[in-house]
Structures are given as structure tokens and as C-alpha cells.
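See structure below.
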Amino acid sequence: MRIMLAASALAVALAVTGCSSGSQRDSTASGGSGGAPRQAVPGKGAPGPGLAAPPEGAEEGRDDQAGTATSYLSTFALDVDTASYGFARRALTEGRLPDPGTVRPEEFVNQFRQGYPEPDGNGFSITTDGGRLAAADGDDGGDGGDVRMLRVGLQTRAASAGGRRDANLTFVIDTSGSMAEPGRLDLVKDALHTLVGRLRPSDKVAIVAYESDARVVRPMTSAADRREINDAIDGLRPGSSTNLGAGMVLGYREARRNFRAGVTNRVILASDGLANTGETDSAAILRKVSDEAGRGVSLLCVGVGSDYGDALMEQLADHGDGRAVYVSERAKAREIFVRDLPATLELRARDAKAQVAFDAGQVESFRLIGYDDRGLRAEDFRDDTVDGGEIGPGHSVTALYAVRLRPGAAGHVGDVMVRWQDPDTRRPQENGRTITVGDLAPDLWSAGGTRLRIDAAAAYFAELLRDGDTRRGGPARSPYVRPASGPFVTHGRVPGEPWTDLGQLAGYVDALSRTAEDAEVSELADLIHRARNF
């Protein structure tokens, strides 16, 4: 199939552009599926065996994620945000391309159901699999080497029925003039009404609103007093300018004043992410958010609006030990606030990080796809003062790598480790798994698992969108694609095959959606079809 070969060309470009950063790694733990388990070692351990140092004369470069010298380690903070996909969905549905700077491949991939096995307790199961993307030198005319896609899948245990903790929720609602646009404040109010109806009497809610100034609309109130809370929600009206800084300060003050030990204390910001009055210095706002996260008050950012401050909302979520989502439809907003309530409020792991140690004797080069702003130095992996990601129950995290193997590679490819802190005790724990060439053996596009192929297609679409302005003569934002006669093309191709285009990708995802019988995959195919118009 033409799309299979064209996608292989993308992987060649991904793999040959360099390695990731790192240093020594430790022995890790068992769990998950795919590859051989390793010994569990809570806390710090000694460097483990089996990883060769980069050979003399190995390819050198820079780590895009950390800006340090090349080695055979890749380290990053876990991330379950999906706001990038949600905002792209809205833009394409409204007949325009998303800003390439708002497109993050990992958030496109994390949008989709994965089906990884769950662990027995807190922390993560680990799944590793993948498939061949390009023919080896001399095979079928391929000239890009033996390139494989590696998928690292991490999964937390789902919440049991009625099993979540009580919650103190402080809603910080943007009521500036821009929130008057349909699909902003009206959508937020509808979702809040729905949420209040699902809370327990032992939960508590406070509401802070901000425009030019911030005010407490409803002090912390038992969710049993639904009428008072709903009346406060009904009273929210759009006003004038946007003093986000004042809203965050007052919201955290209210959350701190009513802090309860042993429950989930969370600030939930609903905004279009645009600040134009008062403290507009993002660094000052981020410092406040980080300080409060360190004291047990985490943050959920819910983005709305066609004109959306994506960068600030993502930074707020990252600094606030939380996550960022984007909603543009009532059904999606209700899904976030109601159906996903336990995953939104609870934690399974604090400061979660992953590190993949590639075997330099088997791997020539590799590339982590996405996670551009979540990269860490290798030594940060076991430094528990360095922030990671906060992951709730039932969440999956997927990382995709393009890996170019050395000629004759066999056996051990590397090891994946994940480290996190227990959400209650903050005791560090680790889990790990070995990766072999056999794990990456099938042809990805024809024989790989359905979910793996969906992930690869979603990441590929995101990379194409990241260069959405190259058709207009702008600079290429992604290192993996370049402009040509078509709207999106890969950098490099398999000889004898034409450049791929979005039509081919859409047809491939159409077929995947029929196999998966998944409405979200059908929606992905529709979005790719829409992107063909630009």
C-alpha cells in the first residue's frame, strides 16, 4: 500500500536526525507486557548491566528535548494532556488549520484508547511493541536502513466504583468579555451544572470568577447545597478585560484557606487562556502555581474558545501538577467533568518520569516523537526534586520512537524505566521492561496491532500539521517534513514511490476505523479529510 511505504519514509527521516540525551541508568522493575521484566527496586539503585556506551565515532547531535550532548538515553516527564488534539479538532471543524505551534504529537496519540493491561496497584504497567517501518539496506530497494517504530505504553489502574476520595474543588472561571463568544462561558456553565449533580455531599465546591478583577462568587460549600451552587453558576456573566493573575491568586487563596488533608484539593481553571490585565507576566503566575502544587493543591486547566492561549494553559498545567484539556462541544465538556471525574480528580502517581536506555551495540540512532517541552536531563530521572507528570486512575501514556537498527541487530534493543512517587507517601518507586528486536519485528502498517497503527497514524498526522504553514512559504517547524508541490510531504521517500499526501493517510485511517469500530478513529479520519482542503 502506498501509504505504508510513504510513512516508512517519514520514519527514516525521524530516525536519522539524532539521538536523545542521557547518562547512567539504574536497574528497574517488573510489570506490563511485551519484553522481559526486570527486578523492582524502589528508590535509587546502582547502574544496571547490559547497556553499552556509545561506540567511538557514533553519530553525534543535540537532544531536542534537553539540549544536551547526544547519548543513548531518552528521558522525559509523563504527560496525559489532550488539549492539542481538541484544539486542532475545533480548528479543522471550523474550516481552518490549527496554528502549527499548538500541535503536539504526543497529545494526538494520547487522545485514543489504548487497551494496555492495568497494574494491580498504584503506578504503571509497561507495554512495549512496535514494527518495521523501512526495508533494510539492499532489501526491496530501500535506502533508509532498518527503521522500526517502538511504542512504549504505560497504564494506571482504573478507579473502582465509588472508590475516589472526597474532593475540595475551587473553580476559577474566566468571565472576561471574550468568554461571551458561544462555546465558551455557556459551555463551562453547562458542564459545571452537570458536575455538581454528580458530586457527593461530602465533596465541597468554591467558585471564583475573574475579569478586570477577581471575586469569590461562592465560598467553599458542601455539594449537598446544590441549589446555592447552581444559583452561583447561573449568575456568572461575561464582563470586561482578563486579569488571569488575580483570578489564580484568589482561587489558590480560597483553596488554601479551605485545604483538607486526606482529600483531593484541586483548582480547576476554565478559560480561553488569554491574559491582558493585571499580572500578565506568565513567569510570576507559573511560580505561584508551582508553589501551590508543592503544597498539595493541584490544577486542571480546561480550555475553551476559538482564540485560545494554548501555550499558557499547557504551562500552567505542567507547573500545577495537573493536566490540560480543551473542549468545544457540550458533550465533550460533560465527558471531561462527569464521565472522567475520578481520573480528573484522583492520582495514581506523582512526578512520573520515563527513561529509555538504548543499546548502542544494536541501535544506530533514535528519535522520540513529540514530548518536545517535557524532556529532562538523564540525571533528572532519579532526582525527586525535579517535576514529572501527575497521572490519574485509568490513564494511559504512550511514547513513540523511530529507531534505526544497526546491520545484523538481534536480541536486546534497550530497557524502558518509569519512576514515580506514591500519591500519598511520596515514596519513589520504579518499574521497567526490556525491549528486544523481536518486539519490533512485524511490518507495522500491515501486520502491527490495530491500536499501534492508530497511534502511528495519529502521530504522522500531527507531524504533517506541524508544518501547516510551509505551503505559504513559511519555515518548517517540524524536522521531519518539508514543503514541496503538495500541501504536506515527508522529508525523503522510498525510491519509486510518490510523495504521500493527506488523501492517502485519510484512506488508511478510514480502513483502520472500520477495523477498530471506534468513533474516535472515525473522527480522526474525518479531520484528515478536512485538512486536505488547505
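Numbering starts fresh at 1 for the residues of each chain in the C-alpha cells, the chains themselves are lettered A, B, ... in the order given, and ligands are numbered from 1 as they appear.
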Tell me which protein, DNA and RNA residues are within 9 Å of Glu520 (chain A), counting only C-alpha atoms, leaving out same-chain ones fewer than 2 positions away, and put them as a PyMOL selection string. chain A and resi 111-113+513+518+522-525
Output the selection as a PDB file, in the first residue's frame - all heavy atoms for each residue.
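Listed below is the output, result-v8.pdb:
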ATOM      1  N   GLN A 111      -4.897  10.896  22.873  1.00  0.00           N
ATOM      2  CA  GLN A 111      -6.341  11.063  22.725  1.00  0.00           C
ATOM      3  C   GLN A 111      -7.051   9.727  22.581  1.00  0.00           C
ATOM      4  O   GLN A 111      -8.233   9.590  22.927  1.00  0.00           O
ATOM      5  CB  GLN A 111      -6.632  11.937  21.496  1.00  0.00           C
ATOM      6  CG  GLN A 111      -8.103  12.062  21.129  1.00  0.00           C
ATOM      7  CD  GLN A 111      -8.896  12.899  22.123  1.00  0.00           C
ATOM      8  OE1 GLN A 111      -8.335  13.776  22.783  1.00  0.00           O
ATOM      9  NE2 GLN A 111     -10.184  12.650  22.235  1.00  0.00           N
ATOM     10  N   PHE A 112      -6.344   8.706  22.110  1.00  0.00           N
ATOM     11  CA  PHE A 112      -7.001   7.472  21.696  1.00  0.00           C
ATOM     12  C   PHE A 112      -6.862   6.363  22.740  1.00  0.00           C
ATOM     13  O   PHE A 112      -5.857   6.268  23.440  1.00  0.00           O
ATOM     14  CB  PHE A 112      -6.442   7.010  20.346  1.00  0.00           C
ATOM     15  CG  PHE A 112      -6.756   7.982  19.250  1.00  0.00           C
ATOM     16  CD1 PHE A 112      -5.867   8.995  18.922  1.00  0.00           C
ATOM     17  CD2 PHE A 112      -7.978   7.939  18.596  1.00  0.00           C
ATOM     18  CE1 PHE A 112      -6.170   9.922  17.948  1.00  0.00           C
ATOM     19  CE2 PHE A 112      -8.302   8.863  17.629  1.00  0.00           C
ATOM     20  CZ  PHE A 112      -7.392   9.864  17.301  1.00  0.00           C
ATOM     21  N   ARG A 113      -7.929   5.569  22.800  1.00  0.00           N
ATOM     22  CA  ARG A 113      -7.944   4.420  23.709  1.00  0.00           C
ATOM     23  C   ARG A 113      -6.859   3.430  23.306  1.00  0.00           C
ATOM     24  O   ARG A 113      -6.673   3.143  22.137  1.00  0.00           O
ATOM     25  CB  ARG A 113      -9.338   3.778  23.648  1.00  0.00           C
ATOM     26  CG  ARG A 113      -9.523   2.556  24.502  1.00  0.00           C
ATOM     27  CD  ARG A 113     -11.012   2.204  24.565  1.00  0.00           C
ATOM     28  NE  ARG A 113     -11.598   2.097  23.236  1.00  0.00           N
ATOM     29  CZ  ARG A 113     -11.591   0.974  22.514  1.00  0.00           C
ATOM     30  NH1 ARG A 113     -10.992  -0.111  22.982  1.00  0.00           N
ATOM     31  NH2 ARG A 113     -12.170   0.950  21.319  1.00  0.00           N
ATOM     32  N   SER A 513     -10.536   2.683  11.010  1.00  0.00           N
ATOM     33  CA  SER A 513     -11.740   2.930  11.803  1.00  0.00           C
ATOM     34  C   SER A 513     -12.743   1.797  11.647  1.00  0.00           C
ATOM     35  O   SER A 513     -13.453   1.456  12.598  1.00  0.00           O
ATOM     36  CB  SER A 513     -12.375   4.268  11.408  1.00  0.00           C
ATOM     37  OG  SER A 513     -12.922   4.227  10.102  1.00  0.00           O
ATOM     38  N   ASP A 518     -14.385   2.216  16.203  1.00  0.00           N
ATOM     39  CA  ASP A 518     -14.167   3.220  17.234  1.00  0.00           C
ATOM     40  C   ASP A 518     -14.542   4.582  16.648  1.00  0.00           C
ATOM     41  O   ASP A 518     -13.968   5.021  15.649  1.00  0.00           O
ATOM     42  CB  ASP A 518     -12.691   3.200  17.648  1.00  0.00           C
ATOM     43  CG  ASP A 518     -12.379   4.127  18.822  1.00  0.00           C
ATOM     44  OD1 ASP A 518     -13.068   5.147  18.973  1.00  0.00           O
ATOM     45  OD2 ASP A 518     -11.439   3.820  19.571  1.00  0.00           O
ATOM     46  N   SER A 522     -12.867   7.149  13.629  1.00  0.00           N
ATOM     47  CA  SER A 522     -13.635   7.701  12.505  1.00  0.00           C
ATOM     48  C   SER A 522     -13.531   9.216  12.478  1.00  0.00           C
ATOM     49  O   SER A 522     -13.416   9.834  11.408  1.00  0.00           O
ATOM     50  CB  SER A 522     -15.101   7.279  12.610  1.00  0.00           C
ATOM     51  OG  SER A 522     -15.237   5.873  12.556  1.00  0.00           O
ATOM     52  N   GLU A 523     -13.563   9.837  13.659  1.00  0.00           N
ATOM     53  CA  GLU A 523     -13.411  11.288  13.739  1.00  0.00           C
ATOM     54  C   GLU A 523     -12.030  11.719  13.250  1.00  0.00           C
ATOM     55  O   GLU A 523     -11.891  12.729  12.543  1.00  0.00           O
ATOM     56  CB  GLU A 523     -13.618  11.756  15.168  1.00  0.00           C
ATOM     57  CG  GLU A 523     -13.463  13.263  15.354  1.00  0.00           C
ATOM     58  CD  GLU A 523     -13.567  13.675  16.806  1.00  0.00           C
ATOM     59  OE1 GLU A 523     -12.651  13.344  17.596  1.00  0.00           O
ATOM     60  OE2 GLU A 523     -14.554  14.338  17.159  1.00  0.00           O
ATOM     61  N   LEU A 524     -10.984  10.951  13.599  1.00  0.00           N
ATOM     62  CA  LEU A 524      -9.637  11.264  13.115  1.00  0.00           C
ATOM     63  C   LEU A 524      -9.601  11.241  11.594  1.00  0.00           C
ATOM     64  O   LEU A 524      -9.032  12.145  10.963  1.00  0.00           O
ATOM     65  CB  LEU A 524      -8.632  10.264  13.692  1.00  0.00           C
ATOM     66  CG  LEU A 524      -7.200  10.371  13.170  1.00  0.00           C
ATOM     67  CD1 LEU A 524      -6.579  11.719  13.532  1.00  0.00           C
ATOM     68  CD2 LEU A 524      -6.342   9.218  13.707  1.00  0.00           C
ATOM     69  N   ALA A 525     -10.207  10.226  10.994  1.00  0.00           N
ATOM     70  CA  ALA A 525     -10.251  10.159   9.531  1.00  0.00           C
ATOM     71  C   ALA A 525     -10.957  11.381   8.954  1.00  0.00           C
ATOM     72  O   ALA A 525     -10.505  11.967   7.952  1.00  0.00           O
ATOM     73  CB  ALA A 525     -10.948   8.878   9.082  1.00  0.00           C
TER      74      ALA A 525
END
Selection near Val196 (chain A), 9 Å with only C-alpha atoms, sequence-local residues under 3 positions removed, as a ChimeraX atom specification: /A:191-193,199-200,205,223,226,229-230
Selection to disk with C-alpha atoms, as a short mmCIF file (atom, residue, chain, number, x, y, z; two decimals), in the first residue's frame:
data_model
loop_
_atom_site.label_atom_id
_atom_site.label_comp_id
_atom_site.auth_asym_id
_atom_site.auth_seq_id
_atom_site.Cartn_x
_atom_site.Cartn_y
_atom_site.Cartn_z
CA ALA A 191 -20.65 21.40 32.37
CA LEU A 192 -20.48 22.78 35.92
CA HIS A 193 -24.20 22.26 36.43
CA LEU A 199 -20.78 15.21 43.36
CA ARG A 200 -21.17 13.66 46.80
CA VAL A 205 -17.09 23.45 45.86
CA ALA A 223 -22.03 19.80 47.40
CA ARG A 226 -26.71 22.15 45.16
CA ILE A 229 -24.02 26.34 43.98
CA ASN A 230 -26.18 26.19 40.85
#
Please list as a PyMOL selection string every residue within 8 Å of region 170-180 of chain A, counting only C-alpha atoms and excluding residues in the same chain fewer than 2 positions away. chain A and resi 168+182+184-186+205-212+220+236-242+244+247-248+251-252+254-255+266-272+305
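When only C-alpha atoms are used to measure the gap to Asp415 (chain A), the shortest distance among A:Val263, A:Ala441, A:Ile435, A:Ile454 belongs to A:Ile435.
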Run DSSP on the backbone and tell me which residues of region 313-380 of chain A come out as strand (DSSP E or B); list them as a list in words.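 DSSP on the backbone gives strand (DSSP E or B) at Arg323, Ala324, Val325, Tyr326, Ala349, Arg350, Asp351, Ala352, Lys353, Ala354, Gln355, Val356, Ala357, Phe358, Val363, Glu364, Ser365, Phe366, Arg367, Leu368, Ile369 and Gly375 of chain A.
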Output for the residues just chosen: N, CA and C atoms as a CSV table (one decimal), in the first residue's frame:
chain,number,residue,atom,x,y,z
A,323,ARG,N,-3.2,18.6,34.5
A,323,ARG,CA,-3.3,18.3,33.1
A,323,ARG,C,-4.1,19.4,32.4
A,324,ALA,N,-4.0,19.5,31.1
A,324,ALA,CA,-4.7,20.4,30.3
A,324,ALA,C,-5.6,19.7,29.3
A,325,VAL,N,-6.8,20.1,29.2
A,325,VAL,CA,-7.8,19.6,28.2
A,325,VAL,C,-8.4,20.8,27.5
A,326,TYR,N,-9.0,20.5,26.3
A,326,TYR,CA,-9.7,21.5,25.6
A,326,TYR,C,-11.0,21.0,25.2
A,349,ALA,N,-0.1,8.4,40.5
A,349,ALA,CA,1.3,8.6,40.5
A,349,ALA,C,1.7,10.1,40.5
A,350,ARG,N,2.6,10.5,41.3
A,350,ARG,CA,3.1,11.9,41.3
A,350,ARG,C,4.5,11.9,40.6
A,351,ASP,N,4.8,13.0,40.0
A,351,ASP,CA,6.1,13.3,39.4
A,351,ASP,C,6.6,12.0,38.6
A,352,ALA,N,5.8,11.6,37.7
A,352,ALA,CA,6.1,10.4,37.0
A,352,ALA,C,7.0,10.7,35.8
A,353,LYS,N,8.1,9.9,35.6
A,353,LYS,CA,9.0,10.1,34.5
A,353,LYS,C,9.3,8.8,33.8
A,354,ALA,N,9.8,8.9,32.6
A,354,ALA,CA,10.2,7.7,31.9
A,354,ALA,C,11.6,7.9,31.3
A,355,GLN,N,12.3,6.8,31.2
A,355,GLN,CA,13.6,6.8,30.6
A,355,GLN,C,13.8,5.6,29.8
A,356,VAL,N,14.2,5.7,28.5
A,356,VAL,CA,14.5,4.6,27.7
A,356,VAL,C,16.0,4.6,27.4
A,357,ALA,N,16.7,3.5,27.7
A,357,ALA,CA,18.1,3.3,27.5
A,357,ALA,C,18.3,2.4,26.3
A,358,PHE,N,18.8,2.9,25.2
A,358,PHE,CA,19.0,2.1,24.0
A,358,PHE,C,20.4,1.5,24.0
A,363,VAL,N,21.5,-0.3,18.2
A,363,VAL,CA,20.8,0.9,17.8
A,363,VAL,C,21.7,1.9,17.2
A,364,GLU,N,21.5,2.3,16.0
A,364,GLU,CA,22.4,3.4,15.4
A,364,GLU,C,21.9,4.8,15.8
A,365,SER,N,20.6,5.0,15.8
A,365,SER,CA,20.0,6.3,16.1
A,365,SER,C,18.6,6.1,16.5
A,366,PHE,N,18.0,7.1,17.1
A,366,PHE,CA,16.6,7.0,17.5
A,366,PHE,C,16.0,8.4,17.7
A,367,ARG,N,14.7,8.5,17.7
A,367,ARG,CA,14.1,9.8,17.8
A,367,ARG,C,12.7,9.6,18.6
A,368,LEU,N,12.6,10.3,19.7
A,368,LEU,CA,11.3,10.4,20.4
A,368,LEU,C,10.4,11.4,19.6
A,369,ILE,N,9.2,10.9,19.3
A,369,ILE,CA,8.3,11.7,18.5
A,369,ILE,C,7.4,12.5,19.5
A,375,GLY,N,10.9,17.2,27.9
A,375,GLY,CA,12.2,16.5,28.1
A,375,GLY,C,12.9,16.8,29.3
